[in-house]
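K.L.:
The file below is entry16.cif, mmCIF, C-alpha atoms and all ligand atoms:
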data_run
loop_
_atom_site.label_atom_id
_atom_site.label_comp_id
_atom_site.auth_asym_id
_atom_site.auth_seq_id
_atom_site.Cartn_x
_atom_site.Cartn_y
_atom_site.Cartn_z
CA MET A 1 -21.75 3.24 -2.02
CA PRO A 2 -24.94 3.77 -0.05
CA ASN A 3 -24.49 6.32 2.70
CA PRO A 4 -26.17 4.87 5.80
CA ALA A 5 -26.55 8.34 7.29
CA GLY A 6 -28.25 9.64 4.12
CA ASP A 7 -26.85 12.62 2.20
CA GLY A 8 -29.15 15.03 3.98
CA GLY A 9 -28.06 13.99 7.51
CA PRO A 10 -26.53 16.36 10.09
CA LEU A 11 -23.04 17.60 9.34
CA VAL A 12 -21.43 16.12 12.46
CA ARG A 13 -22.35 12.95 14.33
CA GLU A 14 -20.66 11.59 17.42
CA SER A 15 -19.79 7.92 18.03
CA GLU A 16 -21.04 6.94 14.58
CA LEU A 17 -20.53 3.22 13.95
CA LEU A 18 -18.32 2.84 10.86
CA LYS A 19 -19.03 -0.76 9.95
CA PRO A 20 -22.09 0.06 7.79
CA TYR A 21 -19.96 2.51 5.77
CA THR A 22 -17.56 -0.23 4.71
CA THR A 23 -17.93 -3.12 2.28
CA PHE A 24 -16.22 -5.46 4.80
CA LYS A 25 -18.95 -4.61 7.34
CA VAL A 26 -16.29 -4.51 10.03
CA GLY A 27 -15.16 -1.68 12.34
CA GLY A 28 -16.08 0.26 15.49
CA PRO A 29 -17.25 3.87 15.91
CA ALA A 30 -15.69 7.19 14.92
CA ARG A 31 -15.42 9.83 17.66
CA PHE A 32 -16.79 12.36 15.13
CA PHE A 33 -18.25 11.67 11.70
CA VAL A 34 -18.62 14.52 9.23
CA ASN A 35 -21.03 14.12 6.34
CA ALA A 36 -19.31 16.68 4.08
CA GLY A 37 -21.49 17.94 1.22
CA SER A 38 -18.92 20.48 -0.03
CA ALA A 39 -15.28 21.55 0.20
CA ASP A 40 -16.36 24.09 2.83
CA GLU A 41 -17.84 21.34 4.98
CA LEU A 42 -14.62 19.35 4.63
CA CYS A 43 -12.79 22.42 5.96
CA GLN A 44 -15.24 22.60 8.88
CA GLY A 45 -14.47 18.93 9.63
CA LEU A 46 -10.73 19.65 9.54
CA ALA A 47 -11.26 22.59 11.91
CA LEU A 48 -13.14 20.28 14.29
CA ALA A 49 -10.18 17.88 14.25
CA ARG A 50 -7.75 20.74 14.99
CA LYS A 51 -9.97 22.05 17.80
CA HIS A 52 -9.92 18.67 19.57
CA SER A 53 -6.31 17.85 18.53
CA LEU A 54 -7.58 14.72 16.80
CA PRO A 55 -6.44 12.98 13.62
CA HIS A 56 -8.77 12.92 10.62
CA PHE A 57 -9.46 10.26 8.03
CA VAL A 58 -11.27 10.54 4.68
CA LEU A 59 -13.72 7.68 4.18
CA GLY A 60 -15.21 7.29 0.72
CA GLY A 61 -17.21 4.14 -0.04
CA GLY A 62 -15.19 2.14 2.51
CA SER A 63 -14.28 -0.56 -0.01
CA ASN A 64 -10.53 -0.45 0.51
CA VAL A 65 -10.20 -0.15 4.26
CA LEU A 66 -10.10 -2.39 7.29
CA ILE A 67 -11.28 -0.45 10.33
CA SER A 68 -10.28 -1.63 13.81
CA ASP A 69 -12.88 -3.02 16.21
CA ARG A 70 -12.15 -0.05 18.47
CA GLY A 71 -13.06 2.30 15.62
CA PHE A 72 -11.27 5.58 14.89
CA ASP A 73 -10.55 8.03 17.70
CA GLY A 74 -10.66 11.07 15.47
CA VAL A 75 -12.73 12.82 12.82
CA VAL A 76 -13.95 10.84 9.83
CA LEU A 77 -14.65 13.03 6.79
CA HIS A 78 -17.13 11.44 4.41
CA PRO A 79 -17.48 13.32 1.07
CA THR A 80 -21.05 13.32 -0.19
CA PHE A 81 -20.72 15.90 -2.99
CA ARG A 82 -21.72 14.28 -6.27
CA GLY A 83 -22.06 15.27 -9.89
CA VAL A 84 -20.92 14.37 -13.41
CA SER A 85 -20.94 16.86 -16.27
CA LEU A 86 -19.98 16.98 -19.92
CA PRO A 87 -19.17 20.01 -22.08
CA SER A 88 -21.99 20.83 -24.51
CA VAL A 89 -19.74 20.73 -27.61
CA ASN A 90 -19.40 17.40 -29.38
CA THR A 91 -15.72 16.63 -30.09
CA PRO A 92 -13.98 13.28 -30.74
CA GLU A 93 -12.36 13.56 -27.31
CA THR A 94 -14.39 14.85 -24.44
CA HIS A 95 -13.60 16.05 -20.94
CA LEU A 96 -15.83 14.67 -18.24
CA LYS A 97 -15.93 16.52 -14.92
CA VAL A 98 -16.61 14.32 -11.91
CA LEU A 99 -17.01 15.27 -8.24
CA ALA A 100 -15.21 13.12 -5.66
CA GLY A 101 -18.28 11.81 -3.80
CA GLU A 102 -19.83 10.36 -6.96
CA VAL A 103 -20.18 6.56 -6.99
CA TRP A 104 -17.45 5.35 -9.36
CA ASP A 105 -19.58 2.71 -11.06
CA ASP A 106 -22.29 5.30 -11.76
CA VAL A 107 -19.61 7.37 -13.55
CA VAL A 108 -18.75 4.35 -15.70
CA GLY A 109 -22.45 3.71 -16.41
CA PHE A 110 -22.89 7.38 -17.38
CA THR A 111 -19.99 7.29 -19.87
CA VAL A 112 -21.03 3.99 -21.45
CA ALA A 113 -24.61 5.24 -21.92
CA ARG A 114 -23.17 8.24 -23.83
CA GLY A 115 -20.78 6.28 -26.04
CA LEU A 116 -17.61 7.49 -24.31
CA TRP A 117 -14.65 5.07 -24.29
CA GLY A 118 -11.87 4.81 -21.73
CA ILE A 119 -13.16 3.45 -18.40
CA GLU A 120 -15.59 0.67 -19.42
CA ASN A 121 -13.23 -2.09 -18.17
CA LEU A 122 -13.32 -0.42 -14.73
CA SER A 123 -17.01 -1.34 -14.37
CA HIS A 124 -18.29 -2.59 -11.01
CA ILE A 125 -15.33 -1.42 -8.94
CA PRO A 126 -16.96 -0.22 -5.73
CA GLY A 127 -16.21 3.09 -4.05
CA GLN A 128 -16.23 6.78 -4.81
CA ALA A 129 -14.63 8.59 -7.74
CA GLY A 130 -12.24 10.54 -5.46
CA ALA A 131 -10.75 7.39 -4.00
CA ALA A 132 -10.29 5.91 -7.49
CA LEU A 133 -7.29 8.23 -7.87
CA VAL A 134 -5.80 7.31 -4.50
CA GLN A 135 -4.77 3.82 -5.49
CA ASN A 136 -5.13 4.36 -9.25
CA ILE A 137 -7.82 1.71 -9.65
CA GLY A 138 -7.20 -0.77 -12.40
CA ALA A 139 -8.82 -3.84 -13.90
CA TYR A 140 -8.81 -5.83 -17.14
CA GLY A 141 -6.13 -3.72 -18.82
CA GLN A 142 -7.37 -0.21 -17.95
CA GLN A 143 -6.48 2.08 -15.08
CA VAL A 144 -7.92 5.44 -14.16
CA SER A 145 -4.57 7.20 -14.70
CA ASP A 146 -4.82 6.34 -18.44
CA VAL A 147 -7.64 8.88 -18.85
CA LEU A 148 -7.01 11.39 -16.07
CA GLU A 149 -6.54 14.91 -17.35
CA SER A 150 -6.34 16.67 -13.98
CA ALA A 151 -7.36 16.25 -10.36
CA SER A 152 -8.57 18.99 -8.07
CA ALA A 153 -7.75 18.64 -4.41
CA LEU A 154 -7.81 20.48 -1.13
CA GLU A 155 -4.27 20.94 0.14
CA ILE A 156 -4.91 20.47 3.85
CA ALA A 157 -1.91 22.35 5.28
CA LYS A 158 -2.70 25.50 3.28
CA GLY A 159 -6.48 25.12 3.26
CA GLU A 160 -6.34 25.86 -0.49
CA GLN A 161 -7.64 24.12 -3.59
CA ARG A 162 -5.07 22.95 -6.16
CA VAL A 163 -5.17 21.39 -9.60
CA LEU A 164 -2.73 18.52 -10.10
CA SER A 165 -1.59 17.10 -13.43
CA PRO A 166 -1.31 13.31 -13.92
CA ALA A 167 2.52 13.66 -13.74
CA GLU A 168 2.20 15.39 -10.36
CA CYS A 169 0.02 12.51 -9.11
CA GLU A 170 2.92 10.06 -9.86
CA PHE A 171 0.69 7.10 -10.65
CA GLY A 172 1.90 3.50 -10.60
CA TYR A 173 0.41 0.07 -9.92
CA ARG A 174 -2.12 0.71 -7.11
CA ARG A 175 -0.26 3.83 -6.13
CA SER A 176 -0.16 7.62 -6.42
CA ILE A 177 1.22 10.41 -4.26
CA PHE A 178 -2.10 10.25 -2.37
CA ASN A 179 -1.25 6.87 -0.81
CA THR A 180 2.55 7.30 -0.70
CA THR A 181 4.63 10.49 -0.57
CA ALA A 182 1.73 12.90 0.03
CA ARG A 183 -0.46 10.54 2.04
CA GLY A 184 -2.94 12.51 4.18
CA GLN A 185 -1.92 15.85 2.64
CA TYR A 186 -4.76 16.24 0.12
CA ILE A 187 -8.47 15.58 -0.08
CA ILE A 188 -9.50 14.94 -3.66
CA LEU A 189 -12.46 17.09 -4.65
CA GLY A 190 -12.95 16.13 -8.27
CA MET A 191 -11.31 15.33 -11.58
CA SER A 192 -11.44 15.77 -15.31
CA LEU A 193 -11.29 12.61 -17.43
CA LYS A 194 -10.37 12.59 -21.12
CA LEU A 195 -12.62 10.08 -22.91
CA SER A 196 -12.95 9.15 -26.55
CA ARG A 197 -15.97 8.86 -28.85
CA THR A 198 -13.88 6.60 -31.10
CA PRO A 199 -13.84 2.92 -30.05
CA ARG A 200 -10.70 1.93 -28.13
CA ARG A 201 -11.33 -1.66 -27.19
CA VAL A 202 -9.08 -3.25 -24.55
CA LEU A 203 -9.84 -6.95 -24.86
CA ASP A 204 -6.44 -8.54 -24.14
CA TYR A 205 -7.27 -10.09 -20.78
CA PRO A 206 -7.88 -13.85 -21.18
CA ASP A 207 -11.26 -13.75 -19.38
CA VAL A 208 -12.50 -10.91 -21.57
CA ARG A 209 -11.20 -12.53 -24.75
CA ALA A 210 -12.81 -15.87 -23.82
CA TYR A 211 -16.15 -14.16 -23.06
CA PHE A 212 -16.38 -12.68 -26.56
CA ASP A 213 -14.87 -15.71 -28.35
CA GLU A 214 -17.57 -17.91 -26.78
CA ARG A 215 -20.21 -15.59 -28.23
CA GLY A 216 -18.47 -15.16 -31.59
CA ILE A 217 -18.25 -11.37 -31.14
CA LYS A 218 -15.19 -9.78 -32.76
CA GLU A 219 -15.83 -6.08 -32.20
CA PRO A 220 -18.07 -5.72 -29.17
CA ALA A 221 -20.01 -2.52 -28.57
CA LEU A 222 -19.18 -0.39 -25.56
CA ALA A 223 -22.25 -1.54 -23.59
CA GLU A 224 -21.39 -5.17 -24.38
CA ILE A 225 -17.93 -4.67 -22.88
CA ARG A 226 -19.38 -3.20 -19.69
CA GLN A 227 -21.81 -6.11 -19.49
CA ALA A 228 -18.97 -8.60 -20.06
CA ILE A 229 -16.85 -7.10 -17.27
CA ILE A 230 -19.78 -7.11 -14.84
CA SER A 231 -20.61 -10.70 -15.60
CA ILE A 232 -16.94 -11.85 -15.38
CA ARG A 233 -16.54 -10.06 -12.04
CA ASP A 234 -19.80 -11.40 -10.62
CA ARG A 235 -18.78 -14.94 -11.56
CA LYS A 236 -15.55 -14.61 -9.57
CA PHE A 237 -17.04 -13.44 -6.30
CA PRO A 238 -20.22 -11.63 -5.32
CA PHE A 239 -20.28 -7.86 -4.98
CA PRO A 240 -20.42 -7.16 -1.20
CA ARG A 241 -23.89 -5.96 -0.25
CA GLU A 242 -24.64 -7.73 3.04
CA GLU A 243 -22.51 -8.38 6.11
CA LYS A 244 -22.26 -12.05 5.17
CA GLY A 245 -20.00 -11.95 2.13
CA GLY A 246 -18.56 -8.54 3.06
CA ASN A 247 -15.03 -7.99 1.73
CA ALA A 248 -12.60 -5.33 0.55
CA GLY A 249 -11.81 -6.83 -2.84
CA SER A 250 -8.21 -8.04 -3.17
CA PHE A 251 -6.70 -8.13 0.29
CA PHE A 252 -3.19 -8.84 -1.03
CA LYS A 253 -1.27 -7.15 -3.83
CA ASN A 254 0.20 -9.04 -6.75
CA LEU A 255 3.99 -9.17 -6.79
CA THR A 256 6.39 -7.83 -9.36
CA ILE A 257 9.77 -9.48 -8.99
CA ASP A 258 13.09 -9.46 -10.86
CA GLU A 259 14.97 -12.40 -12.41
CA GLN A 260 16.95 -13.18 -9.27
CA GLU A 261 13.85 -13.21 -7.08
CA TYR A 262 12.08 -15.34 -9.66
CA GLU A 263 14.92 -17.92 -9.53
CA ALA A 264 14.70 -17.97 -5.72
CA LEU A 265 10.93 -18.48 -5.91
CA CYS A 266 11.38 -21.36 -8.39
CA GLU A 267 13.87 -22.98 -6.06
CA LYS A 268 11.45 -22.81 -3.10
CA VAL A 269 8.51 -24.00 -5.18
CA SER A 270 10.42 -26.99 -6.52
CA ARG A 271 11.60 -27.88 -3.01
CA ASN A 272 8.27 -27.49 -1.18
CA PHE A 273 5.56 -28.40 -3.72
CA PRO A 274 4.74 -31.15 -6.23
CA PRO A 275 6.40 -30.70 -9.70
CA ARG A 276 3.16 -29.49 -11.36
CA GLU A 277 3.34 -26.23 -9.35
CA LEU A 278 6.71 -25.37 -10.87
CA GLY A 279 5.06 -25.96 -14.25
CA ARG A 280 2.28 -23.49 -13.33
CA LEU A 281 4.89 -20.95 -12.21
CA THR A 282 6.73 -21.24 -15.53
CA GLU A 283 3.44 -20.72 -17.38
CA ILE A 284 2.79 -17.59 -15.31
CA ARG A 285 6.23 -16.29 -16.15
CA ASN A 286 5.66 -16.84 -19.86
CA ARG A 287 2.31 -15.06 -19.71
CA PHE A 288 3.03 -12.15 -17.40
CA SER A 289 6.69 -11.19 -17.75
CA ALA A 290 7.50 -7.75 -19.10
CA GLY A 291 11.20 -7.09 -19.73
CA SER A 292 13.17 -8.25 -16.71
CA GLN A 293 10.12 -8.06 -14.41
CA VAL A 294 7.83 -10.98 -13.68
CA LYS A 295 4.32 -10.43 -12.32
CA ILE A 296 3.31 -13.16 -9.86
CA PRO A 297 -0.39 -13.33 -8.94
CA ALA A 298 -0.64 -13.45 -5.14
CA ALA A 299 -3.65 -15.79 -5.64
CA PHE A 300 -1.32 -18.43 -7.14
CA LEU A 301 0.93 -18.39 -4.06
CA ILE A 302 -2.00 -18.56 -1.63
CA ASP A 303 -3.56 -21.36 -3.67
CA ILE A 304 -0.46 -23.58 -3.80
CA CYS A 305 -0.13 -23.22 -0.01
CA GLY A 306 -3.57 -24.85 0.26
CA LEU A 307 -5.15 -21.81 1.92
CA LYS A 308 -8.36 -21.53 -0.13
CA GLY A 309 -11.26 -21.76 2.33
CA TYR A 310 -8.93 -21.36 5.36
CA ARG A 311 -10.88 -19.70 8.18
CA ILE A 312 -10.19 -17.91 11.46
CA GLY A 313 -13.23 -16.87 13.51
CA ALA A 314 -15.75 -15.56 11.02
CA ALA A 315 -13.16 -14.52 8.40
CA GLN A 316 -12.35 -16.82 5.50
CA VAL A 317 -10.07 -16.96 2.48
CA ASN A 318 -12.48 -17.02 -0.48
CA GLU A 319 -12.62 -20.47 -2.03
CA SER A 320 -12.64 -19.40 -5.66
CA GLN A 321 -10.64 -16.14 -5.48
CA PRO A 322 -8.11 -16.50 -2.63
CA LEU A 323 -6.95 -12.87 -2.91
CA VAL A 324 -10.20 -11.98 -1.21
CA LEU A 325 -10.84 -12.36 2.54
CA VAL A 326 -14.52 -12.64 3.34
CA ASN A 327 -16.65 -11.74 6.35
CA MET A 328 -18.75 -14.88 6.82
CA GLY A 329 -21.11 -12.96 9.13
CA GLY A 330 -20.10 -11.25 12.37
CA ALA A 331 -16.35 -11.15 11.62
CA THR A 332 -14.25 -8.76 13.69
CA ALA A 333 -11.24 -6.82 12.45
CA ALA A 334 -9.19 -9.04 14.76
CA ASP A 335 -10.46 -12.15 12.87
CA VAL A 336 -9.57 -10.60 9.51
CA LEU A 337 -6.12 -9.51 10.63
CA SER A 338 -5.16 -12.78 12.21
CA LEU A 339 -6.32 -14.58 9.06
CA ALA A 340 -4.27 -12.19 6.90
CA LEU A 341 -1.18 -12.63 9.09
CA ASN A 342 -1.48 -16.41 8.97
CA VAL A 343 -1.79 -16.36 5.20
CA ARG A 344 1.25 -14.11 4.87
CA ARG A 345 3.35 -16.18 7.30
CA THR A 346 2.49 -19.44 5.52
CA VAL A 347 3.20 -18.01 2.08
CA TRP A 348 6.48 -16.52 3.35
CA ALA A 349 7.59 -19.76 5.00
CA ARG A 350 6.81 -21.97 2.00
CA THR A 351 7.62 -19.71 -0.97
CA GLY A 352 9.81 -16.90 0.42
CA ALA A 353 7.38 -14.34 -1.08
CA ALA A 354 6.29 -11.40 1.09
CA LEU A 355 2.66 -10.50 0.39
CA ALA A 356 1.70 -6.87 0.91
CA ILE A 357 -1.74 -5.88 2.16
CA GLU A 358 -3.85 -3.71 -0.18
CA PRO A 359 -6.58 -2.13 2.03
CA GLU A 360 -5.68 0.71 4.34
CA LEU A 361 -5.69 -0.20 8.04
CA VAL A 362 -7.58 2.43 10.06
CA GLY A 363 -7.69 2.91 13.84
CA PHE A 364 -4.92 0.43 14.71
CA SER A 365 -2.20 1.35 17.20
CA GLU A 366 1.37 1.96 16.07
CA GLN A 367 2.41 -1.29 17.73
CA GLU A 368 -0.29 -3.21 15.85
CA SER A 369 0.76 -1.62 12.56
CA ILE A 370 4.41 -2.54 13.15
CA GLU A 371 3.38 -6.11 13.90
CA ILE A 372 1.30 -6.28 10.73
CA HIS A 373 3.94 -4.81 8.45
CA ASN A 374 6.95 -6.66 9.93
CA PHE A 375 5.24 -10.03 9.95
CA ASN A 376 8.33 -11.88 8.64
CA THR A 377 10.26 -11.29 11.77
CA THR A 378 7.51 -11.92 14.33
C1 LIG A 401 -15.59 -6.29 -4.41
C2 LIG A 401 -14.45 -5.34 -4.61
C3 LIG A 401 -13.79 -5.33 -5.82
C4 LIG A 401 -12.73 -4.43 -6.03
N1 LIG A 401 -12.11 -4.46 -7.24
C5 LIG A 401 -11.08 -3.62 -7.48
C6 LIG A 401 -10.42 -3.62 -8.75
O1 LIG A 401 -10.74 -4.39 -9.65
N2 LIG A 401 -9.39 -2.75 -8.93
C7 LIG A 401 -9.01 -1.87 -7.95
O2 LIG A 401 -8.07 -1.09 -8.21
N3 LIG A 401 -9.62 -1.83 -6.76
C8 LIG A 401 -10.63 -2.68 -6.49
N4 LIG A 401 -11.26 -2.68 -5.26
C9 LIG A 401 -10.77 -1.75 -4.22
C10 LIG A 401 -11.61 -0.46 -4.07
O3 LIG A 401 -12.88 -0.61 -4.63
C11 LIG A 401 -10.94 0.75 -4.71
O4 LIG A 401 -9.68 0.96 -4.13
C12 LIG A 401 -11.78 2.01 -4.54
O5 LIG A 401 -11.23 3.05 -5.32
C13 LIG A 401 -11.89 2.49 -3.09
O6 LIG A 401 -12.87 3.52 -3.06
P1 LIG A 401 -13.62 3.91 -1.73
O7 LIG A 401 -14.40 5.15 -2.01
O8 LIG A 401 -14.37 2.77 -1.22
O9 LIG A 401 -12.38 4.28 -0.80
P2 LIG A 401 -12.23 4.05 0.77
O10 LIG A 401 -12.09 2.58 1.03
O11 LIG A 401 -13.25 4.77 1.51
O12 LIG A 401 -10.81 4.74 1.01
C14 LIG A 401 -9.63 4.20 0.44
C15 LIG A 401 -8.49 5.20 0.64
O13 LIG A 401 -8.75 6.38 -0.11
C16 LIG A 401 -8.76 7.52 0.74
N5 LIG A 401 -9.76 8.45 0.20
C17 LIG A 401 -11.06 8.19 -0.06
N6 LIG A 401 -11.65 9.26 -0.63
C18 LIG A 401 -10.69 10.22 -0.70
C19 LIG A 401 -10.67 11.56 -1.17
N7 LIG A 401 -11.75 12.17 -1.71
N8 LIG A 401 -9.50 12.26 -1.08
C20 LIG A 401 -8.40 11.70 -0.54
N9 LIG A 401 -8.36 10.43 -0.08
C21 LIG A 401 -9.49 9.71 -0.16
C22 LIG A 401 -9.09 6.99 2.11
O14 LIG A 401 -8.64 7.86 3.14
C23 LIG A 401 -8.34 5.67 2.10
O15 LIG A 401 -6.98 5.91 2.33
C24 LIG A 401 -12.32 -3.56 -5.01
C25 LIG A 401 -12.99 -3.57 -3.77
C26 LIG A 401 -14.05 -4.46 -3.57
C27 LIG A 401 -14.77 -4.46 -2.26
#
Go ahead and express the file in the form of structure tokens.

P.N.:
Amino acid sequence: MPNPAGDGGPLVRESELLKPYTTFKVGGPARFFVNAGSADELCQGLALARKHSLPHFVLGGGSNVLISDRGFDGVVLHPTFRGVSLPSVNTPETHLKVLAGEVWDDVVGFTVARGLWGIENLSHIPGQAGAALVQNIGAYGQQVSDVLESASALEIAKGEQRVLSPAECEFGYRRSIFNTTARGQYIILGMSLKLSRTPRRVLDYPDVRAYFDERGIKEPALAEIRQAIISIRDRKFPFPREEKGGNAGSFFKNLTIDEQEYEALCEKVSRNFPPRELGRLTEIRNRFSAGSQVKIPAAFLIDICGLKGYRIGAAQVNESQPLVLVNMGGATAADVLSLALNVRRTVWARTGAALAIEPELVGFSEQESIEIHNFNTT
């Protein structure tokens, strides 16, 4: 992500507007903003927060956050330390060292240019490498946890650096200890990724398969796979560069439900929607069920509720990919949140499914957070 302050800016800024640091292009100022070029500078930022008895927040590329219009009354720590390095020896499996402030997509580009397999399907996911571990980024059949060898992190309470194994990170779908049990306890400093020089193609996703079938390519090269992913992603919705079109990727998480919940969903869908929607739901079940669990794309639920293109203020549900909420130019966080709440209430009322929000909400009061998370009862 571009750093509006520039990597060489002063260490601490006051009342720095956060909106330019996010892909949504939404959000007020931070009381203090620390442009941290090293672990030491992160520690200085933490000391500043302690001195003023303020909370801190780590902001990477700002592609998975919604920052309140009031901003963040605390210290924002923005890692700017970058670097990617490979061992000099050439082995079939190689260990890539990456610093947290590196742009994730540059890491993918670096590996593809050197013939290293393992993260090519994670092309064009915005944000920094450090944050990639927080929600265990995933796309088109790969996730970062598949190749993580170890993570290094600053343990805030002790002020010490630690190395964590993948098991200690407890990765799951869009989760790790960093956004659940140990939320706010670590700042990721870097990682080691285990990548392969031997082709390991992951082409199972229908869009990826169709892309290569159309071109008659059976065994695509690594660079062709990266190109395919970029072009599939760009077709779905534009990468956020300007305020108009700003977004945080998927705003809602997909659902994983059990048999009983699936039956209840079928019952609601057959009661509230035309028969063809039950047919689509059955197709989804046949395609995405694993064991007793059924994965339901949140986009399907939003779509059948007729919410594509639905708009509040300057925030809109994307017309082609309804998981994405878009800043149509000048949107406030209040616009985005009221749109999200309306989508969730409608989906809940008509399908009984509770959609969870993916981006982290920053700078909202406790009362606002309760309202957002307990939407069913409000
Ligand atoms: C267009 C678009 C497409 C996207 N597509 C995908 C996708 O396909 N798959 C997917 O999984 N995600 C996707 N995302 C979501 C997002 O890109 C990822 O979650 C990304 O890893 C966030 O990185 P970031 O640096 O922007 O994090 P931020 O938004 O800055 O922060 C996200 C969270 O990570 C924490 N954090 C950041 N850096 C650190 C650190 N060094 N140490 C500790 N905590 C830290 C923050 O405090 C915050 O809680 C997409 C987003 C957009 C806008």

K.L.:
Enumerate as a PyMOL selection string the residues within 6 Å of ligand LIG 401 (chain A), counting all atoms listed in the file.

P.N.:
chain A and resi 23+57-65+100+125-128+130-132+134-135+137-139+186-189+239-240+247-249+360

K.L.:
May I ask for the distance between atom CA of A:Pro297 and atom CA of A:Val208, given in Å to one decimal place?

P.N.:
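That distance, rounded to one decimal, is 17.7 Å.
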
K.L.:
Pick out the residues sitting within 12 Å of A:Ser231, and hand them over as a ChimeraX atom specification; count all atoms listed in the file, and ignore anything fewer than 2 positions along from it in its own chain.

P.N.:
/A:121,123-124,207-208,211-212,224-229,233-239

K.L.:
Tell me which of A:Trp104, A:Phe252, A:Tyr173, A:Phe110 sits closest to A:Leu122, counting all atoms listed in the file.

P.N.:
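Of all the options, A:Trp104 lies closest to A:Leu122.
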
K.L.:
What's the 6 Å shell around A:Asn136, counting only C-alpha atoms, without same-chain residues fewer than 5 positions away, as a ChimeraX atom specification?

P.N.:
/A:144,174-175

K.L.:
Pick out the closest residue to A:Arg82 from this set: A:Ala36, A:Ile284, A:Leu42, A:Ile304. Count only C-alpha atoms.

P.N.:
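The answer is A:Ala36, which sits nearest to A:Arg82.
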
K.L.:
Have a look at atom CA of A:Arg280 and atom CA of A:Trp348 and let me know their distance in Å, one decimal.

P.N.:
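We find that atom CA of A:Arg280 and atom CA of A:Trp348 lie 18.6 Å from each other.
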